[in-house]
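Okay, protein18.cif now, which holds mmCIF, C-alpha atoms and all ligand atoms:
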data_structure
#
loop_
_atom_site.group_PDB
_atom_site.id
_atom_site.type_symbol
_atom_site.label_atom_id
_atom_site.label_comp_id
_atom_site.auth_asym_id
_atom_site.auth_seq_id
_atom_site.Cartn_x
_atom_site.Cartn_y
_atom_site.Cartn_z
ATOM 1 C CA MET A 268 -12.890 0.857 9.418
ATOM 2 C CA LEU A 269 -10.013 -0.684 11.442
ATOM 3 C CA GLU A 270 -9.909 -0.500 15.227
ATOM 4 C CA VAL A 271 -7.151 -2.173 17.215
ATOM 5 C CA ASP A 272 -7.455 -2.249 20.989
ATOM 6 C CA ASP A 273 -4.917 -3.330 23.598
ATOM 7 C CA LEU A 274 -2.955 -5.588 21.245
ATOM 8 C CA HIS A 275 -0.352 -7.874 22.845
ATOM 9 C CA VAL A 276 2.156 -9.832 20.753
ATOM 10 C CA SER A 277 5.141 -11.841 21.902
ATOM 11 C CA TYR A 278 8.026 -13.777 20.402
ATOM 12 C CA GLY A 279 8.431 -16.544 22.943
ATOM 13 C CA ALA A 280 9.390 -14.788 26.147
ATOM 14 C CA VAL A 281 9.847 -11.391 24.435
ATOM 15 C CA ASN A 282 6.755 -9.221 24.855
ATOM 16 C CA ALA A 283 7.246 -7.032 21.793
ATOM 17 C CA VAL A 284 3.794 -5.427 21.898
ATOM 18 C CA GLN A 285 1.984 -4.990 25.180
ATOM 19 C CA GLY A 286 -0.894 -2.602 24.739
ATOM 20 C CA VAL A 287 -1.104 -1.092 21.270
ATOM 21 C CA SER A 288 -4.358 0.666 20.403
ATOM 22 C CA VAL A 289 -4.705 2.324 17.025
ATOM 23 C CA GLY A 290 -7.344 2.934 14.398
ATOM 24 C CA ALA A 291 -7.617 3.745 10.712
ATOM 25 C CA ASP A 292 -10.521 5.421 8.935
ATOM 26 C CA ALA A 293 -11.581 5.550 5.301
ATOM 27 C CA GLY A 294 -9.874 8.380 3.449
ATOM 28 C CA ARG A 295 -7.519 9.137 6.345
ATOM 29 C CA VAL A 296 -3.816 8.580 7.005
ATOM 30 C CA THR A 297 -2.940 7.395 10.505
ATOM 31 C CA LEU A 298 0.779 7.638 11.250
ATOM 32 C CA VAL A 299 2.418 5.381 13.819
ATOM 33 C CA LEU A 300 5.618 6.812 15.286
ATOM 34 C CA GLY A 301 8.063 5.169 17.663
ATOM 35 C CA ALA A 302 11.736 4.502 18.255
ATOM 36 C CA ASN A 303 13.599 1.490 16.868
ATOM 37 C CA GLY A 304 12.278 -1.659 18.470
ATOM 38 C CA ALA A 305 9.133 0.019 19.827
ATOM 39 C CA GLY A 306 6.972 -2.690 18.277
ATOM 40 C CA LYS A 307 5.660 -0.963 15.165
ATOM 41 C CA THR A 308 6.471 -3.693 12.653
ATOM 42 C CA THR A 309 5.277 -6.380 15.024
ATOM 43 C CA SER A 310 1.958 -4.564 15.453
ATOM 44 C CA LEU A 311 1.405 -4.201 11.710
ATOM 45 C CA ARG A 312 2.294 -7.839 11.074
ATOM 46 C CA ALA A 313 -0.048 -9.011 13.815
ATOM 47 C CA ILE A 314 -2.901 -6.862 12.485
ATOM 48 C CA ALA A 315 -2.300 -8.168 8.942
ATOM 49 C CA GLY A 316 -2.439 -11.781 10.106
ATOM 50 C CA TYR A 317 1.245 -12.724 9.784
ATOM 51 C CA HIS A 318 1.744 -13.149 13.497
ATOM 52 C CA ARG A 319 -0.887 -14.311 15.956
ATOM 53 C CA PRO A 320 -1.515 -11.815 18.764
ATOM 54 C CA LYS A 321 -1.471 -13.052 22.329
ATOM 55 C CA SER A 322 -4.495 -10.934 23.174
ATOM 56 C CA GLY A 323 -6.371 -7.828 22.168
ATOM 57 C CA SER A 324 -9.017 -6.851 19.694
ATOM 58 C CA VAL A 325 -8.760 -6.171 15.957
ATOM 59 C CA MET A 326 -12.051 -4.981 14.482
ATOM 60 C CA VAL A 327 -12.653 -4.559 10.765
ATOM 61 C CA GLY A 328 -15.978 -2.807 10.512
ATOM 62 C CA THR A 329 -18.134 -4.685 13.020
ATOM 63 C CA ASP A 330 -16.194 -7.984 12.790
ATOM 64 C CA GLU A 331 -13.668 -9.154 15.371
ATOM 65 C CA VAL A 332 -10.781 -10.601 13.362
ATOM 66 C CA ALA A 333 -7.836 -10.851 15.789
ATOM 67 C CA GLY A 334 -5.861 -14.012 15.028
ATOM 68 C CA GLU A 335 -7.151 -14.490 11.477
ATOM 69 C CA ARG A 336 -4.477 -15.388 8.937
ATOM 70 C CA ALA A 337 -3.179 -13.045 6.258
ATOM 71 C CA HIS A 338 -5.149 -14.553 3.348
ATOM 72 C CA SER A 339 -8.333 -14.090 5.322
ATOM 73 C CA MET A 340 -7.407 -10.494 6.158
ATOM 74 C CA VAL A 341 -6.801 -9.782 2.464
ATOM 75 C CA ARG A 342 -10.302 -11.136 1.764
ATOM 76 C CA ARG A 343 -11.596 -8.711 4.367
ATOM 77 C CA GLY A 344 -9.803 -5.871 2.616
ATOM 78 C CA VAL A 345 -6.786 -5.464 4.892
ATOM 79 C CA VAL A 346 -3.421 -5.688 3.129
ATOM 80 C CA LEU A 347 0.171 -5.100 4.261
ATOM 81 C CA VAL A 348 2.872 -3.332 2.248
ATOM 82 C CA PRO A 349 5.896 -4.732 4.069
ATOM 83 C CA GLU A 350 9.117 -3.057 5.056
ATOM 84 C CA GLY A 351 11.686 -3.381 2.279
ATOM 85 C CA ARG A 352 8.942 -3.592 -0.383
ATOM 86 C CA ARG A 353 9.481 -7.309 -1.158
ATOM 87 C CA VAL A 354 8.627 -7.187 -4.821
ATOM 88 C CA PHE A 355 9.327 -10.307 -6.890
ATOM 89 C CA ALA A 356 12.585 -9.209 -8.507
ATOM 90 C CA THR A 357 12.565 -11.593 -11.467
ATOM 91 C CA LEU A 358 8.907 -11.015 -12.360
ATOM 92 C CA THR A 359 7.890 -8.045 -14.489
ATOM 93 C CA VAL A 360 6.007 -5.103 -13.043
ATOM 94 C CA GLU A 361 2.779 -6.390 -14.556
ATOM 95 C CA GLU A 362 3.318 -9.909 -13.217
ATOM 96 C CA ASN A 363 3.875 -8.449 -9.748
ATOM 97 C CA LEU A 364 0.642 -6.494 -10.032
ATOM 98 C CA ARG A 365 -1.270 -9.559 -11.160
ATOM 99 C CA VAL A 366 -0.051 -11.383 -8.057
ATOM 100 C CA GLY A 367 -1.768 -8.641 -6.030
ATOM 101 C CA GLY A 368 -5.047 -9.290 -7.830
ATOM 102 C CA TYR A 369 -4.873 -13.070 -7.733
ATOM 103 C CA ARG A 370 -8.208 -13.471 -5.976
ATOM 104 C CA ALA A 371 -10.294 -11.525 -8.469
ATOM 105 C CA PRO A 372 -11.918 -12.801 -11.690
ATOM 106 C CA ARG A 373 -9.887 -12.191 -14.860
ATOM 107 C CA ALA A 374 -12.038 -9.382 -16.274
ATOM 108 C CA LYS A 375 -11.946 -7.567 -12.982
ATOM 109 C CA VAL A 376 -8.156 -7.907 -12.738
ATOM 110 C CA GLN A 377 -7.883 -6.315 -16.167
ATOM 111 C CA ARG A 378 -10.044 -3.391 -15.075
ATOM 112 C CA THR A 379 -8.182 -2.885 -11.808
ATOM 113 C CA LEU A 380 -4.859 -3.133 -13.616
ATOM 114 C CA ALA A 381 -5.938 -0.307 -15.927
ATOM 115 C CA GLU A 382 -6.897 1.778 -12.888
ATOM 116 C CA VAL A 383 -3.570 1.088 -11.195
ATOM 117 C CA TYR A 384 -1.688 2.094 -14.345
ATOM 118 C CA GLU A 385 -3.668 5.317 -14.401
ATOM 119 C CA GLN A 386 -2.876 6.004 -10.751
ATOM 120 C CA PHE A 387 0.797 4.981 -11.114
ATOM 121 C CA PRO A 388 1.942 6.096 -14.585
ATOM 122 C CA ILE A 389 5.513 4.984 -13.865
ATOM 123 C CA LEU A 390 4.280 1.395 -13.513
ATOM 124 C CA SER A 391 2.540 1.622 -16.846
ATOM 125 C CA GLU A 392 5.767 2.812 -18.467
ATOM 126 C CA ARG A 393 7.712 -0.004 -16.848
ATOM 127 C CA ARG A 394 5.097 -2.741 -17.138
ATOM 128 C CA ASN A 395 7.423 -5.170 -18.955
ATOM 129 C CA THR A 396 10.515 -4.441 -16.875
ATOM 130 C CA ALA A 397 11.729 -6.915 -14.264
ATOM 131 C CA ALA A 398 10.887 -5.465 -10.856
ATOM 132 C CA GLY A 399 14.460 -6.000 -9.665
ATOM 133 C CA LEU A 400 15.650 -3.419 -12.198
ATOM 134 C CA LEU A 401 13.445 -0.635 -10.829
ATOM 135 C CA SER A 402 14.784 2.106 -8.558
ATOM 136 C CA GLY A 403 13.862 1.996 -4.872
ATOM 137 C CA GLY A 404 11.148 4.615 -5.378
ATOM 138 C CA GLU A 405 9.686 2.739 -8.333
ATOM 139 C CA GLN A 406 9.719 -0.510 -6.357
ATOM 140 C CA GLN A 407 7.821 1.265 -3.587
ATOM 141 C CA MET A 408 5.227 2.439 -6.113
ATOM 142 C CA LEU A 409 4.997 -1.169 -7.314
ATOM 143 C CA ALA A 410 4.462 -2.388 -3.749
ATOM 144 C CA PHE A 411 1.642 0.166 -3.385
ATOM 145 C CA GLY A 412 0.187 -0.774 -6.768
ATOM 146 C CA ARG A 413 0.260 -4.456 -5.863
ATOM 147 C CA ALA A 414 -1.652 -3.682 -2.661
ATOM 148 C CA VAL A 415 -4.216 -1.565 -4.538
ATOM 149 C CA MET A 416 -4.759 -4.505 -6.943
ATOM 150 C CA SER A 417 -6.511 -6.377 -4.145
ATOM 151 C CA GLN A 418 -9.028 -3.507 -3.888
ATOM 152 C CA PRO A 419 -8.446 -3.050 -0.169
ATOM 153 C CA LYS A 420 -10.336 -1.014 2.372
ATOM 154 C CA VAL A 421 -7.274 -0.704 4.609
ATOM 155 C CA ILE A 422 -3.590 -0.600 3.626
ATOM 156 C CA LEU A 423 -0.937 -1.072 6.316
ATOM 157 C CA MET A 424 2.392 0.416 5.215
ATOM 158 C CA ASP A 425 5.665 -0.369 6.959
ATOM 159 C CA GLU A 426 8.268 2.392 6.499
ATOM 160 C CA PRO A 427 7.729 3.164 2.818
ATOM 161 C CA SER A 428 10.410 5.892 2.836
ATOM 162 C CA MET A 429 13.118 3.594 4.181
ATOM 163 C CA GLY A 430 16.251 3.494 2.055
ATOM 164 C CA LEU A 431 14.922 5.901 -0.556
ATOM 165 C CA ALA A 432 16.875 8.817 -1.982
ATOM 166 C CA PRO A 433 15.667 12.008 -0.244
ATOM 167 C CA SER A 434 14.371 13.281 -3.581
ATOM 168 C CA MET A 435 12.064 10.245 -3.828
ATOM 169 C CA VAL A 436 10.662 10.460 -0.310
ATOM 170 C CA ASP A 437 8.290 13.333 -1.077
ATOM 171 C CA SER A 438 6.784 11.707 -4.139
ATOM 172 C CA VAL A 439 6.314 8.383 -2.339
ATOM 173 C CA MET A 440 4.611 10.158 0.570
ATOM 174 C CA ALA A 441 2.465 12.209 -1.815
ATOM 175 C CA LYS A 442 1.342 8.924 -3.327
ATOM 176 C CA VAL A 443 0.425 7.610 0.127
ATOM 177 C CA ARG A 444 -1.796 10.679 0.593
ATOM 178 C CA GLU A 445 -3.315 10.135 -2.833
ATOM 179 C CA ILE A 446 -4.105 6.500 -2.026
ATOM 180 C CA ALA A 447 -5.935 7.582 1.146
ATOM 181 C CA ASP A 448 -7.787 10.250 -0.811
ATOM 182 C CA THR A 449 -9.343 7.515 -2.959
ATOM 183 C CA GLY A 450 -11.189 6.403 0.198
ATOM 184 C CA ILE A 451 -8.780 3.772 1.520
ATOM 185 C CA ALA A 452 -7.833 3.793 5.213
ATOM 186 C CA VAL A 453 -4.048 4.030 5.507
ATOM 187 C CA LEU A 454 -2.129 3.021 8.624
ATOM 188 C CA ILE A 455 1.506 3.894 8.110
ATOM 189 C CA VAL A 456 4.637 3.324 10.190
ATOM 190 C CA GLU A 457 7.437 5.811 9.531
ATOM 191 C CA GLN A 458 10.807 6.573 11.100
ATOM 192 C CA ASN A 459 10.892 9.741 9.018
ATOM 193 C CA ALA A 460 8.561 11.685 11.305
ATOM 194 C CA ASP A 461 8.640 14.885 9.248
ATOM 195 C CA ALA A 462 7.710 13.099 6.038
ATOM 196 C CA GLY A 463 4.949 11.204 7.841
ATOM 197 C CA LEU A 464 3.546 14.239 9.626
ATOM 198 C CA ALA A 465 3.350 16.122 6.336
ATOM 199 C CA ILE A 466 0.625 13.768 5.092
ATOM 200 C CA ALA A 467 -0.975 12.383 8.270
ATOM 201 C CA ASP A 468 -4.435 13.144 9.651
ATOM 202 C CA ASN A 469 -3.922 11.274 12.922
ATOM 203 C CA VAL A 470 -0.908 10.080 14.868
ATOM 204 C CA SER A 471 -0.276 7.308 17.375
ATOM 205 C CA VAL A 472 2.980 7.135 19.301
ATOM 206 C CA ILE A 473 4.284 3.767 20.490
ATOM 207 C CA THR A 474 6.912 3.467 23.218
ATOM 208 C CA ARG A 475 8.183 0.075 24.350
ATOM 209 C CA GLY A 476 5.251 -1.781 22.830
ATOM 210 C CA VAL A 477 2.571 0.495 24.271
ATOM 211 C CA THR A 478 0.509 3.234 22.616
ATOM 212 C CA VAL A 479 1.247 6.270 24.758
ATOM 213 C CA TRP A 480 -0.381 9.011 22.728
ATOM 214 C CA SER A 481 -2.984 9.334 20.005
ATOM 215 C CA GLY A 482 -4.406 12.472 18.498
ATOM 216 C CA PRO A 483 -4.738 14.658 15.440
ATOM 217 C CA ALA A 484 -1.556 15.254 13.433
ATOM 218 C CA GLU A 485 -1.597 18.992 14.045
ATOM 219 C CA SER A 486 -1.222 18.355 17.800
ATOM 220 C CA ALA A 487 1.456 15.724 17.406
ATOM 221 C CA SER A 488 4.675 17.576 16.771
ATOM 222 C CA ARG A 489 5.952 17.429 20.353
ATOM 223 C CA ALA A 490 4.862 13.843 20.764
ATOM 224 C CA ALA A 491 6.742 13.107 17.557
ATOM 225 C CA VAL A 492 9.910 14.583 18.977
ATOM 226 C CA HIS A 493 9.539 12.394 22.032
ATOM 227 C CA ALA A 494 9.030 9.394 19.797
ATOM 228 C CA VAL A 495 12.180 10.152 17.867
ATOM 229 C CA LEU A 496 14.074 10.608 21.113
ATOM 230 C CA GLY A 497 12.959 7.133 22.014
ATOM 231 C CA GLU A 498 12.284 5.946 25.463
ATOM 232 C CA SER A 499 11.497 9.224 27.225
ATOM 233 C CA ALA A 500 8.147 9.268 28.955
ATOM 234 C CA LEU A 501 5.468 11.521 27.538
ATOM 235 C CA GLU A 502 4.684 13.337 30.753
ATOM 236 C CA ASP A 503 3.841 16.592 29.079
ATOM 237 C CA VAL A 504 2.012 15.559 25.937
ATOM 238 C CA PRO A 505 0.131 18.342 24.167
ATOM 239 C CA ALA A 506 -3.018 19.220 26.067
ATOM 240 C CA GLU A 507 -5.126 18.768 22.915
ATOM 241 C CA GLY A 508 -4.111 15.122 22.586
ATOM 242 C CA ALA A 509 -5.660 12.193 24.343
ATOM 243 C CA PRO A 510 -3.099 10.235 26.378
ATOM 244 C CA VAL A 511 -3.676 6.516 26.060
ATOM 245 C CA GLY A 512 -2.817 4.381 29.075
ATOM 246 C CA GLY A 513 0.104 5.077 31.374
ATOM 247 C CA VAL A 514 3.826 5.299 30.814
ATOM 248 C CA ASP A 515 6.480 3.978 33.173
ATOM 249 C CA SER A 516 8.963 6.663 34.029
HETATM 250 P P1 LIG B 601 12.172 -0.917 13.832
HETATM 251 O O1 LIG B 601 11.762 0.471 13.525
HETATM 252 O O2 LIG B 601 13.601 -1.028 14.254
HETATM 253 O O3 LIG B 601 11.782 -1.907 12.784
HETATM 254 P P2 LIG B 601 9.858 -1.632 15.397
HETATM 255 O O4 LIG B 601 9.216 -0.552 16.186
HETATM 256 O O5 LIG B 601 9.203 -1.977 14.115
HETATM 257 O O6 LIG B 601 11.371 -1.289 15.164
HETATM 258 P P3 LIG B 601 9.717 -4.403 16.024
HETATM 259 O O7 LIG B 601 10.533 -4.802 14.843
HETATM 260 O O8 LIG B 601 8.277 -4.652 15.991
HETATM 261 O O9 LIG B 601 9.952 -2.859 16.342
HETATM 262 O O10 LIG B 601 10.361 -5.088 17.318
HETATM 263 C C1 LIG B 601 9.785 -4.986 18.603
HETATM 264 C C2 LIG B 601 10.572 -5.826 19.596
HETATM 265 O O11 LIG B 601 10.434 -7.201 19.274
HETATM 266 C C3 LIG B 601 12.065 -5.532 19.594
HETATM 267 O O12 LIG B 601 12.513 -5.635 20.917
HETATM 268 C C4 LIG B 601 12.638 -6.636 18.745
HETATM 269 O O13 LIG B 601 13.960 -6.921 19.136
HETATM 270 C C5 LIG B 601 11.711 -7.779 19.048
HETATM 271 N N1 LIG B 601 11.573 -8.705 17.922
HETATM 272 C C6 LIG B 601 11.197 -8.376 16.662
HETATM 273 N N2 LIG B 601 11.151 -9.467 15.864
HETATM 274 C C7 LIG B 601 11.514 -10.521 16.650
HETATM 275 C C8 LIG B 601 11.643 -11.920 16.432
HETATM 276 N N3 LIG B 601 11.396 -12.480 15.243
HETATM 277 N N4 LIG B 601 12.026 -12.694 17.491
HETATM 278 C C9 LIG B 601 12.277 -12.145 18.711
HETATM 279 N N5 LIG B 601 12.154 -10.837 18.980
HETATM 280 C C10 LIG B 601 11.779 -10.017 17.978
#
For this file, write the structure as C-alpha cells.
Ligand code: ATP
Amino acid sequence: MLEVDDLHVSYGAVNAVQGVSVGADAGRVTLVLGANGAGKTTSLRAIAGYHRPKSGSVMVGTDEVAGERAHSMVRRGVVLVPEGRRVFATLTVEENLRVGGYRAPRAKVQRTLAEVYEQFPILSERRNTAAGLLSGGEQQMLAFGRAVMSQPKVILMDEPSMGLAPSMVDSVMAKVREIADTGIAVLIVEQNADAGLAIADNVSVITRGVTVWSGPAESASRAAVHAVLGESALEDVPAEGAPVGGVDS
C-alpha cells in the first residue's frame, strides 16, 4: 500500500533523514521506533507531503508520489495525524470532523460521519462540545476520527500516546489497532515502545535518520530496547529480523 525507500530529508544543512525505508500494508500496524531526534517526525511529515524530501522513493500502490504536497496525498488516501493532535479548539467535535471530510460530497460526508460516530462513541456523545474542552484522550480520538473522515487507505500517526494519562494510553492504542483492522494501513511513530509493540504487526527502527532494522513485531523486542537506548549500534539484532543498511559504530 505504502512503500518508502531510502528517504532523505534535510533542513538546510541539517540532514535529518538520510536513508529511511519503511512500508505499511492494508490492515496492518507498522511501528516506527527511535530515540529523540532520530528523524521519525521528519519522515512522517515528508511522506505526508508537508516537507519535500531531498531524494528517495514514496510509492502509494504503483504510483511514485515523493514530493507531492499534502492535499494531493490526502486525495491519494494518505493522511497524517500529527503530534500533539492539533484539533481546532474553538470548533465543535462535529465541525472538526467535517473539516476532515471536506473533499467529499455532502451526502457522503453525512454517511461517513455516522460511521465515525459508530466507531468512536465518545465523539458522538461530545459532538456539540468545543474540541478544546475535551480531555487529551478524547482529543486523540477526535484526531483519529478526523483522519478517518477522509476515507484514507493509509494513516500516519505521530506519537498518539504522547502526553496522555497512562490510563488513556491503552484505549488509544486499542483504537489504533481497531482502525487498522478495518483495512487501513497504519504507520505509527511511538516513544512508548511497550504500548506500540502491544499492537504492532511490523517494526522499523530508526537511528540517526537511518532505518537500521525492520521485521515482524514478535522479533523486535531487543531492537526496541536498542532504540530506546538511543544511539547504540544494532550489531546483534535478532537473527529473525532483516537488517537494513549499515550502522556506523
Ligand atoms: P522526537 O521524538 O524528539 O520528535 P524525531 O525522531 O521525531 O524526534 P525529528 O523531529 O524528525 O526527530 O528530528 C530529526 C532531526 O532534525 C533532529 O536532529 C532535529 O533537531 C532536526 N530538526 C527537526 N525539525 C527541524 C527544523 N524545523 N529545522 C532544523 N532542524 C530540525
Hey, what's within 9 Å of stretch 309-316 of chain A if we count only C-alpha atoms and toss same-chain stuff fewer than 5 positions away? As a PyMOL selection string, please?
-> chain A and resi 271+274-277+283-284+287+325+332-341+345-347+349+423-425+454-456+476
Closest to A:Arg444 among A:Ser471, A:Thr478, A:Ser288, A:Thr297, using only C-alpha atoms?
->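 The answer is A:Thr297, which sits nearest to A:Arg444.
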Protein and nucleic acid residues within 8 Å of ligand LIG 601 (chain B) (only C-alpha atoms and all ligand atoms) as a ChimeraX atom specification | /A:277-279,281-284,301-310,457-458,473,475-476
Would you mind exporting C-alpha atoms of the selected residues as an mmCIF file, in the coordinates of the input?
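And here is the file that came out, out.cif:
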data_model
loop_
_atom_site.group_PDB
_atom_site.id
_atom_site.type_symbol
_atom_site.label_atom_id
_atom_site.label_comp_id
_atom_site.auth_asym_id
_atom_site.auth_seq_id
_atom_site.Cartn_x
_atom_site.Cartn_y
_atom_site.Cartn_z
ATOM 1 C CA SER A 277 5.141 -11.841 21.902
ATOM 2 C CA TYR A 278 8.026 -13.777 20.402
ATOM 3 C CA GLY A 279 8.431 -16.544 22.943
ATOM 4 C CA VAL A 281 9.847 -11.391 24.435
ATOM 5 C CA ASN A 282 6.755 -9.221 24.855
ATOM 6 C CA ALA A 283 7.246 -7.032 21.793
ATOM 7 C CA VAL A 284 3.794 -5.427 21.898
ATOM 8 C CA GLY A 301 8.063 5.169 17.663
ATOM 9 C CA ALA A 302 11.736 4.502 18.255
ATOM 10 C CA ASN A 303 13.599 1.490 16.868
ATOM 11 C CA GLY A 304 12.278 -1.659 18.470
ATOM 12 C CA ALA A 305 9.133 0.019 19.827
ATOM 13 C CA GLY A 306 6.972 -2.690 18.277
ATOM 14 C CA LYS A 307 5.660 -0.963 15.165
ATOM 15 C CA THR A 308 6.471 -3.693 12.653
ATOM 16 C CA THR A 309 5.277 -6.380 15.024
ATOM 17 C CA SER A 310 1.958 -4.564 15.453
ATOM 18 C CA GLU A 457 7.437 5.811 9.531
ATOM 19 C CA GLN A 458 10.807 6.573 11.100
ATOM 20 C CA ILE A 473 4.284 3.767 20.490
ATOM 21 C CA ARG A 475 8.183 0.075 24.350
ATOM 22 C CA GLY A 476 5.251 -1.781 22.830
#
Nearest to A:Ala398, chosen from A:Val472, A:Val479, A:Met326, A:Leu364, with only C-alpha atoms counted in the distances | A:Leu364
Distance in Å - atom CA of A:Lys442 versus atom CA of A:His318 |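 Going from atom CA of A:Lys442 over to atom CA of A:His318 covers 27.8 Å.
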